[in-house]
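Chemist: Here it is: the structure, laid out below.
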Amino acid sequence: MTRTGSVKAEAKRDRRPRTADEQIAEDAKLLSSQLSAMRTRLFPPTASKSLRSFTSGEAAKLIGVSDGYLRQLSISGEGPQPEIGAGGRRSYTLADIAALRQHLAGQHEPGSAKARTYLKWRDEAAGEHLQVIAVTNFKGGSGKTTTAAHLAQHLALKGYRTLALDLDPQASFSALLGYQPELDLTGNDTLYGAIRYDENRVPMSAVIRPTYFHGLDLVPGNLELQEFEHTTPRQLAEGAGDGTPFFARVQEAIASVAENYDVVVLDCPPQLGFLTLGALCAATSVVVTVHPQMLDVASMSQFLFMTSDLLSVVREAGGTLNFDFLRYLVTRYEPHDGPQAQIAGFLRAQFGDRVLTHPMVKSTAISDAGLTKQTLYEVARENFSRLTYDRAMEALTAVNGEIEALVIEAWGRSA
């Protein structure tokens with residue numbers, strides 16, 4: 001065959017209809033490359049995320065002191081010094097804020113109530129156990145991952161040592177916290193690496209990564225998490241070699257690093273598989289997100305039935321299921337939408353105070369921030385309509401503050 005004929009034959013082969021798997025693989029590669037290029041444009045030159053600095057007013061509010069007091073500390077040279085910008089404006093990194101908390105707590109008796117207002121770490125000697133909060137729902141689109149990401153960041157901003165754990169193979173939680181799974185992870189570096197059944201199992205500490213949020217670490221997720229759903233049935237049939245049942249493996253992995261953290265936030269996959277059951281067995285508390293639409297509520301009803309049935313089997317097999325709190329969070333709520341208000345009222349009538357008092361409102365500020373893989377805590381107020389930003393931040397602060405208060409109550413502290 002001549003060269004011309006060979007080229008024509010190759011071109012003809014290239015025009016043949018793609019099989020489904022080939023087309024999906026091609027689309028996946030295209031989308032991944034475009035996402036990588038977008039990340040490089042958004043976060044040059046290292047293509048990694050960083051957190052903005054905070055104004056002195058924001059820093060003072062996070063620490064719980066007045067802006068004037070921070071100014072006095074700066075003038076007297078106490079604690080970390082702020083960066084001085086145009087017009088003498090002072091700004092602090094989140095690491096600076098953490099160092100200021102340590103400095104202020106050190107001026108009081110260790111473990112005293114006053115010291116704890118600055119340094120909020122749990123006191124294991126006083127019986128304050130690690131809080132493991134599972135954020136879950138059976139149906140996608142309920143705001144589960146957004147809720148988990150904002151909660152983890154809120155806790156880090158407040159000074160708690162926080163671990164974010166992505167259990168969803170889709171890994172949106174990881175993407176929000178600065179990792180693109182198909183580019184930044186190579187293999188055996190998700191939670192699966194720490195809970196797998198074979199000789200390739202690694203310590204939990206080996207799969208924990210720092211994030212650009214001081215005080216917030218991450219165990220990222222990607223598609224390899226799905227392997228746990230495939231290998232567990234075989235182990236149930238053959239028997240786990242190390243003797244740890246599937247429902248206790250997540251709990252065991254978390255326990256191995258418990259001394260380094262105050263709170264762990266789990267973003268569960270939107271299905272009731274072995275990973276979700278393991279997460280619920282590891283959890284000390286659960287937040288179920290629900291979009292106030294009738295189809296979503298009906299789906300949640302089925303989710304609760306199935307969860308109850310499966311957890312009862314786990315309990316009979318020796319699993320421990322003792323939650324400090326179980327709460328339902330109304331998400332993507334539009335207060336002026338009559339049917340949504342009715343369904344939110346219906347949920348409160350059924351579940352009473354198990355529904356969080358504050359709903360998370362639907363906001364363009366949160367969705368717009370998501371376009372650049374950011375959360376509301378990362379973006380500056382001037383990038384949005386002030387009314388829109390303030391409304392979203394007020395709702396977010398109320399929701400996360402309510403969950404934080406439940407954590408403090410579980411530790412036996414006064415709010």
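If you're wondering about the labels, chains in the structure tokens are A, B, ... by order shown, residues count from 1 in each chain, ligands from 1 in order shown.
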Could you give me, as a tab-separated table, every range 83-153 of chain A residue with an atom at most 12 Å from range 59-75 of chain A, plus its closest atom pair and distance in Å to one decimal, counting only C-alpha atoms, rows ordered by chain then number?
Modeler:
```
residue	atom	partner	partner_atom	distance
A:Glu83	CA	A:Ser74	CA	10.2
A:Ile84	CA	A:Ser74	CA	10.5
A:Gly88	CA	A:Arg71	CA	11.2
A:Arg89	CA	A:Arg71	CA	10.6
A:Arg90	CA	A:Arg71	CA	8.6
A:Ser91	CA	A:Ala59	CA	8.0
A:Tyr92	CA	A:Ala59	CA	6.8
A:Thr93	CA	A:Ala59	CA	8.6
A:Leu94	CA	A:Ala59	CA	8.3
A:Ala95	CA	A:Ala59	CA	10.9
A:Asp96	CA	A:Ala59	CA	9.1
A:Ile97	CA	A:Ala59	CA	6.5
A:Ala98	CA	A:Ile63	CA	8.5
A:Ala99	CA	A:Ile63	CA	10.5
A:Leu100	CA	A:Ile63	CA	8.0
A:Arg101	CA	A:Ile63	CA	6.6
A:Gln102	CA	A:Ile63	CA	10.4
A:His103	CA	A:Leu73	CA	10.5
A:Leu104	CA	A:Ile63	CA	9.4
A:Ala105	CA	A:Ile63	CA	10.6
A:Lys114	CA	A:Gly64	CA	11.2
A:Ala115	CA	A:Ile63	CA	11.7
A:Arg116	CA	A:Ile63	CA	11.1
A:Thr117	CA	A:Gly64	CA	7.7
A:Tyr118	CA	A:Ile63	CA	6.4
A:Leu119	CA	A:Ile63	CA	9.1
A:Lys120	CA	A:Ile63	CA	10.5
```
Chemist: Could those selected residues go to a file with C-alpha atoms, as a JSON list (two decimals), in the first residue's frame?
Modeler:
```json
[["chain", "number", "residue", "atom", "x", "y", "z"],
["A", 83, "GLU", "CA", 1.62, 42.52, 57.52],
["A", 84, "ILE", "CA", 1.24, 46.26, 57.12],
["A", 88, "GLY", "CA", -1.34, 51.18, 57.55],
["A", 89, "ARG", "CA", -3.90, 48.40, 57.16],
["A", 90, "ARG", "CA", -2.94, 45.33, 59.16],
["A", 91, "SER", "CA", -3.59, 41.80, 57.88],
["A", 92, "TYR", "CA", -2.99, 38.34, 59.34],
["A", 93, "THR", "CA", -2.64, 34.88, 57.82],
["A", 94, "LEU", "CA", -4.60, 32.03, 59.38],
["A", 95, "ALA", "CA", -1.30, 30.71, 60.75],
["A", 96, "ASP", "CA", -0.75, 34.11, 62.42],
["A", 97, "ILE", "CA", -4.21, 33.88, 63.96],
["A", 98, "ALA", "CA", -3.43, 30.40, 65.31],
["A", 99, "ALA", "CA", -0.18, 31.70, 66.82],
["A", 100, "LEU", "CA", -2.05, 34.61, 68.43],
["A", 101, "ARG", "CA", -4.48, 32.13, 69.99],
["A", 102, "GLN", "CA", -1.55, 30.19, 71.43],
["A", 103, "HIS", "CA", 0.01, 33.40, 72.74],
["A", 104, "LEU", "CA", -3.19, 34.61, 74.43],
["A", 105, "ALA", "CA", -4.03, 31.20, 75.88],
["A", 114, "LYS", "CA", -10.36, 31.59, 79.78],
["A", 115, "ALA", "CA", -7.54, 29.71, 78.05],
["A", 116, "ARG", "CA", -10.12, 27.61, 76.21],
["A", 117, "THR", "CA", -11.78, 30.67, 74.76],
["A", 118, "TYR", "CA", -8.57, 31.15, 72.77],
["A", 119, "LEU", "CA", -7.23, 27.62, 72.35],
["A", 120, "LYS", "CA", -10.23, 25.35, 71.75]]
```
Chemist: From range 174-314 of chain A, collect each residue whose DSSP state is alpha helix (DSSP H) and return the set as a ChimeraX atom specification.
Modeler: /A:174-176,181-184,191-195,226-238,246-255,274-282,294-314
Chemist: Report, in Å to a single decimal, how far apart CA of Ser56 in chain A and CA of Ser367 in chain A are.
Modeler: 27.3 Å
Chemist: Residues near Thr232 in chain A, anyone? I mean within 12 Å using only C-alpha atoms, not counting same-chain ones fewer than 6 positions away, as a list in words.
Modeler: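 Counting only C-alpha atoms, the residues come to Tyr192, Ile195, Arg196, Tyr197, Asp198, Leu225, Gln226, Glu238, Gly239, Ala240, Gly241, Thr244, Pro245, Phe246, Phe247, Arg249, Gly273, Phe274, Leu275, Leu277 and Gly278 of chain A.
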Chemist: Could you tell me how far CA of Ile208 in chain A sits from CA of Ala194 in chain A, in Å to one decimal place?
Modeler: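 Value for the CA of Ala194 in chain A-CA of Ile208 in chain A distance: 10.2 Å.
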Chemist: Near range 353-360 of chain A, counting only C-alpha atoms, which residues have an atom at most 7 Å away, once you skip same-chain residues fewer than 2 positions from it, shown as a list in words?
Modeler: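 Near neighbours after the sequence-gap exclusion: Leu326, Arg327, Tyr328, Leu329, Val330, Thr331, Arg332, Tyr333, Arg348, Phe351, Lys362, Ala395, Leu396, Ala398 and Val399 of chain A.
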Chemist: Could you write out the selected residues, including N, CA and C atoms, as a tab-separated table (two decimals), in the first residue's frame?
Modeler:
```tsv
chain	number	residue	atom	x	y	z
A	326	LEU	N	-27.76	13.55	66.18
A	326	LEU	CA	-28.20	13.30	64.82
A	326	LEU	C	-29.09	14.47	64.44
A	327	ARG	N	-28.68	15.19	63.39
A	327	ARG	CA	-29.44	16.38	63.00
A	327	ARG	C	-29.70	16.38	61.49
A	328	TYR	N	-30.85	16.95	61.15
A	328	TYR	CA	-31.21	17.14	59.74
A	328	TYR	C	-31.01	18.61	59.41
A	329	LEU	N	-30.33	18.86	58.30
A	329	LEU	CA	-30.04	20.22	57.88
A	329	LEU	C	-30.77	20.52	56.57
A	330	VAL	N	-31.64	21.50	56.58
A	330	VAL	CA	-32.33	21.94	55.37
A	330	VAL	C	-31.35	22.78	54.54
A	331	THR	N	-31.10	22.35	53.31
A	331	THR	CA	-30.10	23.02	52.47
A	331	THR	C	-30.75	23.58	51.20
A	332	ARG	N	-30.01	24.50	50.57
A	332	ARG	CA	-30.46	25.14	49.34
A	332	ARG	C	-31.88	25.69	49.51
A	333	TYR	N	-32.08	26.29	50.66
A	333	TYR	CA	-33.42	26.73	51.04
A	333	TYR	C	-33.71	28.12	50.49
A	348	ARG	N	-39.87	19.89	60.39
A	348	ARG	CA	-39.76	20.31	61.80
A	348	ARG	C	-40.88	19.71	62.64
A	351	PHE	N	-39.70	15.91	63.10
A	351	PHE	CA	-38.45	15.61	63.80
A	351	PHE	C	-38.12	16.56	64.93
A	362	LYS	N	-30.14	29.00	49.75
A	362	LYS	CA	-29.56	28.92	48.42
A	362	LYS	C	-29.00	30.29	48.07
A	395	ALA	N	-26.14	33.04	56.99
A	395	ALA	CA	-26.74	31.70	57.07
A	395	ALA	C	-25.68	30.65	57.37
A	396	LEU	N	-24.55	30.76	56.69
A	396	LEU	CA	-23.46	29.80	56.87
A	396	LEU	C	-22.92	29.82	58.29
A	398	ALA	N	-24.49	30.80	60.93
A	398	ALA	CA	-25.51	30.30	61.85
A	398	ALA	C	-25.56	28.77	61.86
A	399	VAL	N	-25.51	28.16	60.68
A	399	VAL	CA	-25.55	26.70	60.57
A	399	VAL	C	-24.32	26.08	61.23
```
Chemist: Step one, run DSSP on the backbone; step two, keep only residues of range 115-161 of chain A assigned to strand (DSSP E); then write them as a list in words.
Modeler: Gln131, Val132, Ile133, Ala134, Val135 and Thr136 of chain A
Chemist: With all heavy atoms retained, export the selected residues as a PDB file, in the first residue's frame.
Modeler:
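Below you can see part01.pdb, which holds the result:
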```pdb
ATOM      1  N   GLN A 131     -14.452  14.174  68.009  1.00  0.00           N
ATOM      2  CA  GLN A 131     -15.751  14.276  67.350  1.00  0.00           C
ATOM      3  C   GLN A 131     -15.595  13.900  65.876  1.00  0.00           C
ATOM      4  O   GLN A 131     -14.789  14.496  65.154  1.00  0.00           O
ATOM      5  CB  GLN A 131     -16.299  15.695  67.449  1.00  0.00           C
ATOM      6  CG  GLN A 131     -17.223  15.916  68.633  1.00  0.00           C
ATOM      7  CD  GLN A 131     -18.529  15.127  68.500  1.00  0.00           C
ATOM      8  OE1 GLN A 131     -19.130  15.056  67.440  1.00  0.00           O
ATOM      9  NE2 GLN A 131     -18.955  14.529  69.593  1.00  0.00           N
ATOM     10  N   VAL A 132     -16.341  12.895  65.434  1.00  0.00           N
ATOM     11  CA  VAL A 132     -16.331  12.448  64.044  1.00  0.00           C
ATOM     12  C   VAL A 132     -17.725  12.695  63.479  1.00  0.00           C
ATOM     13  O   VAL A 132     -18.678  12.016  63.858  1.00  0.00           O
ATOM     14  CB  VAL A 132     -15.950  10.959  63.930  1.00  0.00           C
ATOM     15  CG1 VAL A 132     -15.894  10.536  62.458  1.00  0.00           C
ATOM     16  CG2 VAL A 132     -14.620  10.681  64.621  1.00  0.00           C
ATOM     17  N   ILE A 133     -17.828  13.698  62.614  1.00  0.00           N
ATOM     18  CA  ILE A 133     -19.136  14.120  62.098  1.00  0.00           C
ATOM     19  C   ILE A 133     -19.284  13.629  60.664  1.00  0.00           C
ATOM     20  O   ILE A 133     -18.539  14.041  59.765  1.00  0.00           O
ATOM     21  CB  ILE A 133     -19.280  15.652  62.129  1.00  0.00           C
ATOM     22  CG1 ILE A 133     -19.028  16.172  63.549  1.00  0.00           C
ATOM     23  CG2 ILE A 133     -20.662  16.079  61.634  1.00  0.00           C
ATOM     24  CD1 ILE A 133     -19.011  17.694  63.646  1.00  0.00           C
ATOM     25  N   ALA A 134     -20.249  12.736  60.444  1.00  0.00           N
ATOM     26  CA  ALA A 134     -20.532  12.226  59.103  1.00  0.00           C
ATOM     27  C   ALA A 134     -21.621  13.085  58.469  1.00  0.00           C
ATOM     28  O   ALA A 134     -22.711  13.230  59.033  1.00  0.00           O
ATOM     29  CB  ALA A 134     -20.977  10.769  59.171  1.00  0.00           C
ATOM     30  N   VAL A 135     -21.316  13.665  57.317  1.00  0.00           N
ATOM     31  CA  VAL A 135     -22.300  14.434  56.557  1.00  0.00           C
ATOM     32  C   VAL A 135     -22.765  13.533  55.425  1.00  0.00           C
ATOM     33  O   VAL A 135     -21.969  13.090  54.595  1.00  0.00           O
ATOM     34  CB  VAL A 135     -21.693  15.733  55.993  1.00  0.00           C
ATOM     35  CG1 VAL A 135     -22.758  16.545  55.255  1.00  0.00           C
ATOM     36  CG2 VAL A 135     -21.080  16.555  57.119  1.00  0.00           C
ATOM     37  N   THR A 136     -24.061  13.233  55.400  1.00  0.00           N
ATOM     38  CA  THR A 136     -24.524  12.182  54.500  1.00  0.00           C
ATOM     39  C   THR A 136     -25.906  12.466  53.937  1.00  0.00           C
ATOM     40  O   THR A 136     -26.671  13.261  54.478  1.00  0.00           O
ATOM     41  CB  THR A 136     -24.522  10.819  55.237  1.00  0.00           C
ATOM     42  OG1 THR A 136     -24.849   9.777  54.335  1.00  0.00           O
ATOM     43  CG2 THR A 136     -25.518  10.816  56.387  1.00  0.00           C
TER      44      THR A 136
END
```
Chemist: Pick from A:Met300, A:Ala152, A:Leu130, A:Ala125: nearest to Ser256 in chain A, with only C-alpha atoms counted?
Modeler: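 Closest to Ser256 in chain A of all the choices is A:Leu130.
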Chemist: What lies within 10 Å of Ala148 in chain A using only C-alpha atoms, ignoring chain neighbours under 2 positions off, as a list in words?
Modeler: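 Once the nearby chain positions are removed, what remains is Ile133, Ala134, Val135, Thr136, Gly143, Lys144, Thr145, Thr146, His150, Leu151, Ala152, Gln153, His154, Ala164, Leu165, Asp166, Phe173, Val265, Leu266, Asp267, Cys268, Val287, Thr289 and Asn400 of chain A.
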Chemist: Contacts of range 316-320 of chain A at 9 Å or less, counting only C-alpha atoms, minus same-chain residues fewer than 6 places along, as a short mmCIF file (atom, residue, chain, number, x, y, z; two decimals) with C-alpha atoms, in the first residue's frame?
Modeler:
```
data_model
loop_
_atom_site.label_atom_id
_atom_site.label_comp_id
_atom_site.auth_asym_id
_atom_site.auth_seq_id
_atom_site.Cartn_x
_atom_site.Cartn_y
_atom_site.Cartn_z
CA PHE A 247 -17.69 -1.78 59.44
CA ALA A 248 -14.88 -1.13 61.95
CA CYS A 281 -19.98 3.25 62.51
CA ALA A 282 -16.97 5.55 62.92
#
```
Chemist: Measure the distance from CA of Asn222 in chain A to CA of Gln170 in chain A in Å and round it to one decimal.
Modeler: 6.1 Å
Chemist: Give me the residues near Phe323 in chain A as a PDB file with N, CA and C atoms, in the first residue's frame, where near means some atom within 8 Å (using only C-alpha atoms) and where sequence neighbours in that chain fewer than 2 positions away do not count.
Modeler:
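Output file around26.pdb is given in full below:
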```
ATOM      1  N   ALA A 283     -18.643   7.317  63.080  1.00  0.00           N
ATOM      2  CA  ALA A 283     -19.142   8.637  63.462  1.00  0.00           C
ATOM      3  C   ALA A 283     -19.581   8.688  64.921  1.00  0.00           C
ATOM      4  N   THR A 284     -19.301   9.828  65.534  1.00  0.00           N
ATOM      5  CA  THR A 284     -19.888  10.120  66.844  1.00  0.00           C
ATOM      6  C   THR A 284     -21.125  10.992  66.684  1.00  0.00           C
ATOM      7  N   SER A 285     -21.272  11.599  65.495  1.00  0.00           N
ATOM      8  CA  SER A 285     -22.415  12.465  65.217  1.00  0.00           C
ATOM      9  C   SER A 285     -22.704  12.428  63.723  1.00  0.00           C
ATOM     10  N   VAL A 286     -23.948  12.715  63.359  1.00  0.00           N
ATOM     11  CA  VAL A 286     -24.361  12.645  61.955  1.00  0.00           C
ATOM     12  C   VAL A 286     -25.175  13.876  61.594  1.00  0.00           C
ATOM     13  N   LEU A 321     -22.838   1.897  67.766  1.00  0.00           N
ATOM     14  CA  LEU A 321     -23.545   3.000  67.110  1.00  0.00           C
ATOM     15  C   LEU A 321     -24.140   3.913  68.174  1.00  0.00           C
ATOM     16  N   PHE A 325     -25.099  13.303  68.566  1.00  0.00           N
ATOM     17  CA  PHE A 325     -26.266  13.989  68.010  1.00  0.00           C
ATOM     18  C   PHE A 325     -26.499  13.534  66.576  1.00  0.00           C
ATOM     19  N   LEU A 326     -27.762  13.552  66.183  1.00  0.00           N
ATOM     20  CA  LEU A 326     -28.203  13.295  64.820  1.00  0.00           C
ATOM     21  C   LEU A 326     -29.088  14.471  64.437  1.00  0.00           C
TER      22      LEU A 326
END
```
Chemist: Which one of A:Glu394, A:Glu109, A:Glu124, A:Asp217 sits closest to Arg161 in chain A if you count only C-alpha atoms?
Modeler: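 Looking only at the distances to Arg161 in chain A, the closest residue turns out to be A:Asp217.
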